[in-house]
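Quick look at query32.cif (mmCIF, C-alpha atoms):
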```cif
data_query
loop_
_atom_site.label_atom_id
_atom_site.label_comp_id
_atom_site.auth_asym_id
_atom_site.auth_seq_id
_atom_site.Cartn_x
_atom_site.Cartn_y
_atom_site.Cartn_z
CA MET A 1273 214.13 278.52 62.06
CA SER A 1274 216.18 275.32 61.81
CA ASP A 1275 216.67 273.31 58.63
CA ASP A 1276 214.59 270.53 60.17
CA SER A 1277 211.62 272.81 60.83
CA ARG A 1278 211.83 274.21 57.28
CA SER A 1279 211.68 270.68 55.84
CA VAL A 1280 208.64 269.87 57.95
CA ASP A 1281 206.87 273.03 56.78
CA SER A 1282 207.69 272.23 53.16
CA SER A 1283 206.36 268.70 53.57
CA ALA A 1284 203.13 269.95 55.11
CA SER A 1285 202.55 272.51 52.35
CA SER A 1286 203.07 269.83 49.70
CA LYS A 1287 200.15 267.89 51.19
CA ARG A 1288 197.71 270.80 51.07
CA ARG A 1289 196.93 273.28 48.33
CA ASP A 1290 195.60 276.03 50.54
CA ASN A 1291 196.14 278.76 47.94
CA GLU A 1292 193.81 277.23 45.35
CA ARG A 1293 190.87 279.44 44.38
CA THR A 1294 187.76 278.89 42.30
CA VAL A 1295 187.93 280.55 38.88
CA ALA A 1296 184.92 280.94 36.60
CA GLY A 1297 184.94 278.20 34.01
CA GLY A 1298 187.77 276.30 35.72
CA HIS A 1299 188.30 273.78 38.48
CA ARG A 1300 190.44 274.18 41.55
CA ARG A 1301 192.66 271.24 42.42
CA MET A 1302 191.95 269.05 45.43
CA ARG A 1303 193.19 270.80 48.58
CA ARG A 1304 194.33 267.58 50.26
CA ALA A 1305 196.94 266.55 47.71
CA ASP A 1306 198.10 263.76 50.03
CA ARG A 1307 194.70 262.08 49.70
CA GLU A 1308 194.24 262.56 45.97
CA ILE A 1309 194.36 259.49 43.71
CA VAL A 1310 195.63 260.21 40.21
CA ASP A 1311 196.52 256.73 38.98
CA SER A 1312 193.85 255.83 36.40
CA ALA A 1313 194.08 252.09 37.06
CA GLN A 1314 193.51 252.68 40.77
CA ILE A 1315 190.52 254.91 39.99
CA GLY A 1316 189.04 252.11 37.88
CA GLU A 1317 189.49 249.67 40.75
CA ILE A 1318 187.63 252.03 43.09
CA ILE A 1319 184.71 252.37 40.65
CA SER A 1320 184.50 248.58 40.42
CA ARG A 1321 183.80 248.43 44.18
CA CYS A 1322 181.03 251.06 44.22
CA ASP A 1323 177.39 249.97 43.89
CA ILE A 1324 175.55 253.31 44.01
CA VAL A 1325 176.18 256.60 42.22
CA ASP A 1326 174.55 259.83 43.42
CA VAL A 1327 173.66 262.01 40.42
CA ALA A 1328 172.90 265.72 40.83
CA TYR A 1329 171.39 268.03 38.24
CA VAL A 1330 169.30 271.18 37.84
CA ASP A 1331 165.92 271.22 36.11
CA ALA A 1332 162.85 273.47 36.05
CA GLU A 1333 162.08 272.50 39.66
CA GLY A 1334 165.57 273.38 40.89
CA LEU A 1335 168.57 271.43 42.17
CA THR A 1336 168.10 267.74 42.98
CA MET A 1337 170.05 264.54 43.53
CA VAL A 1338 169.15 260.88 43.09
CA PRO A 1339 170.99 257.64 44.07
CA LEU A 1340 171.16 255.08 41.27
CA ASN A 1341 172.50 251.64 40.41
CA PHE A 1342 174.82 251.70 37.43
CA GLY A 1343 176.98 249.81 35.00
CA TYR A 1344 180.06 251.35 33.47
CA ASP A 1345 182.73 251.47 30.81
CA TYR A 1346 186.13 252.65 32.01
CA ASP A 1347 189.30 252.98 29.94
CA SER A 1348 192.28 253.01 32.30
CA ALA A 1349 194.58 254.15 29.51
CA SER A 1350 192.65 257.35 28.79
CA GLY A 1351 190.73 257.66 32.05
CA SER A 1352 187.43 257.98 30.18
CA LEU A 1353 184.31 256.84 32.03
CA THR A 1354 180.74 256.18 30.89
CA LEU A 1355 178.04 255.29 33.41
CA TRP A 1356 175.02 253.28 32.21
CA ILE A 1357 171.64 253.63 33.92
CA HIS A 1358 168.14 252.34 33.21
CA SER A 1359 164.81 253.90 34.08
CA ALA A 1360 161.10 253.68 33.42
CA ALA A 1361 159.81 255.47 30.34
CA HIS A 1362 158.80 258.59 32.29
CA GLY A 1363 160.08 260.57 35.25
CA ARG A 1364 161.84 263.70 36.43
CA LYS A 1365 165.32 262.58 35.35
CA LEU A 1366 164.23 261.83 31.80
CA ASP A 1367 162.18 265.03 31.58
CA ALA A 1368 165.30 266.98 32.56
CA ILE A 1369 167.45 265.24 29.94
CA ARG A 1370 164.86 265.85 27.20
CA ALA A 1371 164.45 269.50 28.23
CA ALA A 1372 168.22 269.90 27.86
CA ASP A 1373 168.11 268.60 24.25
CA ASN A 1374 169.53 265.27 25.41
CA GLN A 1375 172.67 266.92 26.80
CA LEU A 1376 172.05 267.43 30.52
CA PRO A 1377 175.03 268.58 32.62
CA VAL A 1378 175.29 266.53 35.81
CA SER A 1379 177.65 265.90 38.69
CA PHE A 1380 178.06 262.54 40.38
CA ALA A 1381 179.68 260.87 43.36
CA MET A 1382 180.31 257.32 44.51
CA ARG A 1383 182.06 255.93 47.57
CA THR A 1384 183.27 252.74 49.23
CA ASP A 1385 185.39 251.63 52.23
CA CYS A 1386 183.31 253.82 54.57
CA GLU A 1387 184.14 253.26 58.23
CA VAL A 1388 183.95 255.42 61.33
CA ILE A 1389 187.27 256.47 62.86
CA GLU A 1390 186.93 256.71 66.64
CA GLY A 1391 188.64 259.50 68.54
CA ARG A 1392 189.29 260.37 72.18
CA THR A 1393 187.14 263.53 71.89
CA ALA A 1394 184.25 264.50 69.63
CA CYS A 1395 186.56 266.60 67.44
CA ASN A 1396 188.88 263.63 66.88
CA TRP A 1397 186.23 261.41 65.31
CA GLY A 1398 186.20 261.03 61.56
CA GLU A 1399 185.32 258.79 58.64
CA ALA A 1400 187.50 256.62 56.46
CA PHE A 1401 186.40 256.44 52.82
CA THR A 1402 187.43 256.09 49.21
CA SER A 1403 185.49 258.16 46.68
CA VAL A 1404 185.20 259.22 43.06
CA ILE A 1405 183.39 262.39 42.01
CA GLY A 1406 182.97 263.96 38.62
CA ASN A 1407 181.03 265.96 36.09
CA GLY A 1408 179.46 264.70 32.90
CA ILE A 1409 176.72 264.88 30.31
CA ALA A 1410 173.61 262.70 30.60
CA SER A 1411 171.81 261.56 27.45
CA ILE A 1412 169.09 259.07 26.55
CA VAL A 1413 170.33 256.26 24.29
CA ASP A 1414 168.26 255.54 21.18
CA ASP A 1415 170.32 252.87 19.41
CA LEU A 1416 168.98 249.39 20.18
CA GLU A 1417 172.37 247.64 20.33
CA GLU A 1418 173.90 250.39 22.44
CA ARG A 1419 170.99 250.10 24.88
CA ARG A 1420 171.42 246.32 24.98
CA ARG A 1421 175.11 246.72 25.80
CA GLY A 1422 174.27 249.24 28.53
CA LEU A 1423 171.90 246.76 30.18
CA GLN A 1424 174.53 244.02 29.94
CA LEU A 1425 177.06 246.28 31.66
CA LEU A 1426 174.51 246.99 34.38
CA MET A 1427 174.01 243.28 35.00
CA MET A 1428 177.73 242.62 34.91
CA HIS A 1429 178.46 245.25 37.55
CA GLN A 1430 175.42 244.95 39.80
CA ALA A 1431 174.71 241.21 39.62
CA HIS A 1432 178.17 239.95 38.54
CA MET A 1433 176.50 238.28 35.54
CA PRO A 1434 178.64 239.15 32.50
CA HIS A 1435 176.81 237.13 29.83
CA VAL A 1436 173.14 238.06 30.17
CA GLU A 1437 171.26 238.17 26.86
CA PHE A 1438 168.36 240.59 26.40
CA THR A 1439 165.64 240.22 23.78
CA ASP A 1440 164.59 243.24 21.74
CA ALA A 1441 161.34 243.33 23.71
CA GLN A 1442 163.22 243.44 27.01
CA VAL A 1443 165.50 246.21 25.79
CA ASN A 1444 162.53 248.23 24.53
CA ALA A 1445 160.69 247.82 27.85
CA VAL A 1446 163.02 250.24 29.65
CA THR A 1447 164.78 253.52 28.97
CA VAL A 1448 168.57 253.35 28.92
CA TRP A 1449 170.59 256.49 29.45
CA LYS A 1450 174.23 257.21 30.06
CA ILE A 1451 176.55 259.74 31.64
CA GLU A 1452 179.76 260.46 29.78
CA ALA A 1453 182.21 261.89 32.30
CA THR A 1454 184.00 265.10 31.43
CA ARG A 1455 185.99 265.31 34.67
CA LEU A 1456 186.97 262.81 37.39
CA THR A 1457 188.72 263.09 40.72
CA ALA A 1458 189.34 260.42 43.33
CA LYS A 1459 190.24 260.61 47.00
CA VAL A 1460 191.12 258.25 49.82
CA HIS A 1461 191.04 258.83 53.56
CA ALA A 1462 192.45 255.62 54.95
CA LYS A 1463 191.72 254.47 58.47
CA PRO A 1464 194.88 254.93 60.55
CA SER A 1465 196.61 251.86 61.86
CA ARG A 1466 195.95 250.90 65.47
CA ALA A 1467 199.54 251.73 66.40
CA HIS A 1468 199.20 255.21 64.85
CA THR A 1469 195.94 255.80 66.73
CA GLN A 1470 197.56 254.82 70.02
CA ARG A 1471 200.48 257.21 69.41
CA ILE A 1472 198.04 260.09 68.81
CA ALA A 1473 196.14 259.20 71.97
#
```
How does the structure come out when it is put into structure tokens?
Amino acid sequence: MSDDSRSVDSSASSKRRDNERTVAGGHRRMRRADREIVDSAQIGEIISRCDIVDVAYVDAEGLTMVPLNFGYDYDSASGSLTLWIHSAAHGRKLDAIRAADNQLPVSFAMRTDCEVIEGRTACNWGEAFTSVIGNGIASIVDDLEERRRGLQLLMMHQAHMPHVEFTDAQVNAVTVWKIEATRLTAKVHAKPSRAHTQRIA
């Protein structure tokens, strides 16, 4: 094997973590290391461009997932994320949180920049995307001012209205709950340039 071929092999292995395995109580690293985003400021920028978060959890009925609008707090220095969500007073999500003593484990995912990548054959087609996934703890918020702030963050993110004021009656008319992330990962699969696509073809 030539030196050149060894360097190519080394480069390829650095882009994929094929030897990672799931361990009870732990998390394997992302296999496609070349697509992983670790810069916390960049992760925050991705979250700012996502409108919907899919939240998955397990309750007495089994495993389920629900798409939701959200507001958020994100600290780029520490990488800490809190998602803010509002609901009616009753429903499956809230029942699950209450049944878990207001500490419901959840997983979540959000994505943006989704675009089909065309290929010459069916196996060459793909999808460009940028995504954030994570785990966290969902809890219903009782404090009036904390709920008010959660609703303001929702309006700031979803409606781009950063200075909405809510009366106490308005705050009390809905249920505000939050997800405090315990783990975050981010990934990008960029659409190849036209020149790159033509070279592959």
Contacts of Ala1381 of chain A within 6 Å, only C-alpha atoms, excl. fewer than 3 positions in-chain, as a VMD selection string: chain A and resid 1325 to 1326 1404 to 1405
Determine, using only C-alpha atoms, which residues of segment 1424-1454 of chain A have any atom at most 10 Å from an atom of segment 1333-1355 of chain A, and tabulate each with its shortest atom pair and distance in Å to one decimal place, rows ordered by chain and then rising number, as CSV.
```
residue,atom,partner,partner_atom,distance
A:Gln1424,CA,A:Gly1343,CA,8.1
A:Leu1425,CA,A:Gly1343,CA,4.9
A:Leu1426,CA,A:Gly1343,CA,3.8
A:Met1427,CA,A:Gly1343,CA,7.2
A:Met1428,CA,A:Gly1343,CA,7.2
A:His1429,CA,A:Gly1343,CA,5.4
A:Gln1430,CA,A:Gly1343,CA,7.0
A:Trp1449,CA,A:Leu1355,CA,8.5
A:Lys1450,CA,A:Leu1355,CA,5.4
A:Ile1451,CA,A:Leu1355,CA,5.0
A:Glu1452,CA,A:Thr1354,CA,4.5
A:Ala1453,CA,A:Leu1353,CA,5.5
A:Thr1454,CA,A:Ser1352,CA,8.0
```
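Among the candidate residues A:Arg1455, A:Gly1316, A:His1432, A:Asn1444, the one lying nearest to Pro1377 of chain A is A:Arg1455, with distances computed using all atoms listed in the file.
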Please compute the atom CA of Arg1419 of chain A-atom CA of Val1443 of chain A distance, one decimal, in Å.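 Here the two named atoms are 6.8 Å from each other.
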Determine the residue membership of the PyMOL selection byres ((chain A and resi 1437) around 12) for the file above and supply it as a PyMOL selection string. chain A and resi 1417+1420-1425+1427-1428+1433-1436+1438-1443
Counting all atoms listed in the file, which residue out of A:Ala1445, A:Ala1296, A:Ala1431, A:Ala1332 sits closest to Lys1365 of chain A? A:Ala1332
So how many Å separate atom CA of Arg1289 of chain A and atom CA of Arg1301 of chain A, to one decimal?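 About the pair atom CA of Arg1289 of chain A and atom CA of Arg1301 of chain A: they are 7.6 Å apart.
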Record the distance separating atom CA of Trp1356 of chain A and atom CA of Thr1447 of chain A, expressed in Å with one decimal.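 Value for the atom CA of Trp1356 of chain A-atom CA of Thr1447 of chain A distance: 10.7 Å.
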With only C-alpha atoms as the counted atoms, please give the residues lying no more than 7 Å from Leu1376 of chain A, apart from itself and same-chain residues fewer than 4 positions off, as a list in words.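 Final neighbour list, sorted by chain and number: Ile1369, Ala1372, Ile1409, Ala1410 and Ser1411 of chain A.
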Might you spell out which residues the PyMOL selection byres ((chain A and resi 1315) around 10) would select in the displayed file, as a PDB file with C-alpha atoms, in the coordinates of the input?
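Just written: selection-v2.pdb:
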```
ATOM      1  CA  ILE A1309     194.360 259.490  43.710  1.00  0.00           C
ATOM      2  CA  VAL A1310     195.630 260.210  40.210  1.00  0.00           C
ATOM      3  CA  ASP A1311     196.520 256.730  38.980  1.00  0.00           C
ATOM      4  CA  SER A1312     193.850 255.830  36.400  1.00  0.00           C
ATOM      5  CA  ALA A1313     194.080 252.090  37.060  1.00  0.00           C
ATOM      6  CA  GLN A1314     193.510 252.680  40.770  1.00  0.00           C
ATOM      7  CA  GLY A1316     189.040 252.110  37.880  1.00  0.00           C
ATOM      8  CA  GLU A1317     189.490 249.670  40.750  1.00  0.00           C
ATOM      9  CA  ILE A1318     187.630 252.030  43.090  1.00  0.00           C
ATOM     10  CA  ILE A1319     184.710 252.370  40.650  1.00  0.00           C
ATOM     11  CA  SER A1320     184.500 248.580  40.420  1.00  0.00           C
ATOM     12  CA  TYR A1346     186.130 252.650  32.010  1.00  0.00           C
ATOM     13  CA  SER A1348     192.280 253.010  32.300  1.00  0.00           C
ATOM     14  CA  GLY A1351     190.730 257.660  32.050  1.00  0.00           C
ATOM     15  CA  THR A1402     187.430 256.090  49.210  1.00  0.00           C
ATOM     16  CA  SER A1403     185.490 258.160  46.680  1.00  0.00           C
ATOM     17  CA  VAL A1404     185.200 259.220  43.060  1.00  0.00           C
ATOM     18  CA  LEU A1456     186.970 262.810  37.390  1.00  0.00           C
ATOM     19  CA  THR A1457     188.720 263.090  40.720  1.00  0.00           C
ATOM     20  CA  ALA A1458     189.340 260.420  43.330  1.00  0.00           C
ATOM     21  CA  LYS A1459     190.240 260.610  47.000  1.00  0.00           C
TER      22      LYS A1459
END
```
Shell around Val1378 of chain A at 9 Å using all atoms listed in the file, local window under 6 positions removed, as a list in words: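 Using all atoms listed in the file, the neighbours found are Val1327, Ala1328, Tyr1329, Val1330, Gly1406, Asn1407, Gly1408, Ile1409, Ala1410 and Ile1451 of chain A.
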Once you've located segment 1289-1308 of chain A in the structure I gave, write it as a compact mmCIF listing (two decimals), in the first residue's frame, keeping N, CA, C and O atoms.
```txt
# COMPACT_ATOMS: atom_id res chain seq x y z
N ARG A 1289 -17.16 7.15 12.45
CA ARG A 1289 -16.83 6.42 13.68
C ARG A 1289 -17.54 5.07 13.64
O ARG A 1289 -18.50 4.83 14.36
N ASP A 1290 -17.06 4.20 12.79
CA ASP A 1290 -17.76 2.94 12.57
C ASP A 1290 -17.62 1.96 13.73
O ASP A 1290 -18.36 0.97 13.79
N ASN A 1291 -16.70 2.22 14.65
CA ASN A 1291 -16.51 1.29 15.77
C ASN A 1291 -17.29 1.68 17.01
O ASN A 1291 -17.19 1.02 18.03
N GLU A 1292 -18.09 2.76 16.92
CA GLU A 1292 -18.90 3.16 18.07
C GLU A 1292 -19.99 2.13 18.35
O GLU A 1292 -20.56 1.56 17.43
N ARG A 1293 -20.24 1.87 19.62
CA ARG A 1293 -21.27 0.92 20.02
C ARG A 1293 -22.12 1.53 21.14
O ARG A 1293 -21.63 2.33 21.93
N THR A 1294 -23.37 1.12 21.18
CA THR A 1294 -24.26 1.58 22.24
C THR A 1294 -23.92 0.88 23.54
O THR A 1294 -23.75 -0.35 23.58
N VAL A 1295 -23.81 1.66 24.61
CA VAL A 1295 -23.52 1.14 25.94
C VAL A 1295 -24.65 1.57 26.86
O VAL A 1295 -25.09 2.73 26.81
N ALA A 1296 -25.13 0.66 27.70
CA ALA A 1296 -26.23 0.99 28.60
C ALA A 1296 -25.87 2.21 29.45
O ALA A 1296 -24.81 2.26 30.07
N GLY A 1297 -26.77 3.19 29.45
CA GLY A 1297 -26.54 4.38 30.25
C GLY A 1297 -25.66 5.42 29.59
O GLY A 1297 -25.41 6.48 30.17
N GLY A 1298 -25.16 5.13 28.38
CA GLY A 1298 -24.28 6.07 27.70
C GLY A 1298 -24.81 6.44 26.33
O GLY A 1298 -25.91 6.02 25.94
N HIS A 1299 -24.05 7.24 25.61
CA HIS A 1299 -24.45 7.65 24.27
C HIS A 1299 -23.29 7.44 23.31
O HIS A 1299 -22.17 7.89 23.59
N ARG A 1300 -23.55 6.76 22.21
CA ARG A 1300 -22.51 6.66 21.20
C ARG A 1300 -22.37 8.00 20.48
O ARG A 1300 -23.33 8.77 20.38
N ARG A 1301 -21.19 8.27 19.97
CA ARG A 1301 -20.97 9.50 19.22
C ARG A 1301 -21.55 9.36 17.82
O ARG A 1301 -21.81 8.26 17.35
N MET A 1302 -21.76 10.48 17.17
CA MET A 1302 -22.31 10.48 15.82
C MET A 1302 -21.34 9.77 14.88
O MET A 1302 -20.15 10.06 14.86
N ARG A 1303 -21.86 8.83 14.09
CA ARG A 1303 -20.99 8.06 13.20
C ARG A 1303 -20.36 8.94 12.13
O ARG A 1303 -19.18 8.83 11.85
N ARG A 1304 -21.16 9.85 11.55
CA ARG A 1304 -20.63 10.73 10.51
C ARG A 1304 -20.00 11.96 11.17
O ARG A 1304 -20.61 13.01 11.28
N ALA A 1305 -18.78 11.81 11.60
CA ALA A 1305 -18.09 12.91 12.27
C ALA A 1305 -17.92 14.12 11.36
O ALA A 1305 -17.87 15.26 11.83
N ASP A 1306 -17.84 13.88 10.04
CA ASP A 1306 -17.66 14.99 9.10
C ASP A 1306 -18.91 15.84 8.97
O ASP A 1306 -18.85 16.95 8.45
N ARG A 1307 -20.05 15.34 9.43
CA ARG A 1307 -21.29 16.11 9.36
C ARG A 1307 -21.73 16.65 10.72
O ARG A 1307 -22.73 17.36 10.81
N GLU A 1308 -21.01 16.32 11.75
CA GLU A 1308 -21.38 16.75 13.09
C GLU A 1308 -21.02 18.22 13.31
O GLU A 1308 -19.95 18.69 12.90
```
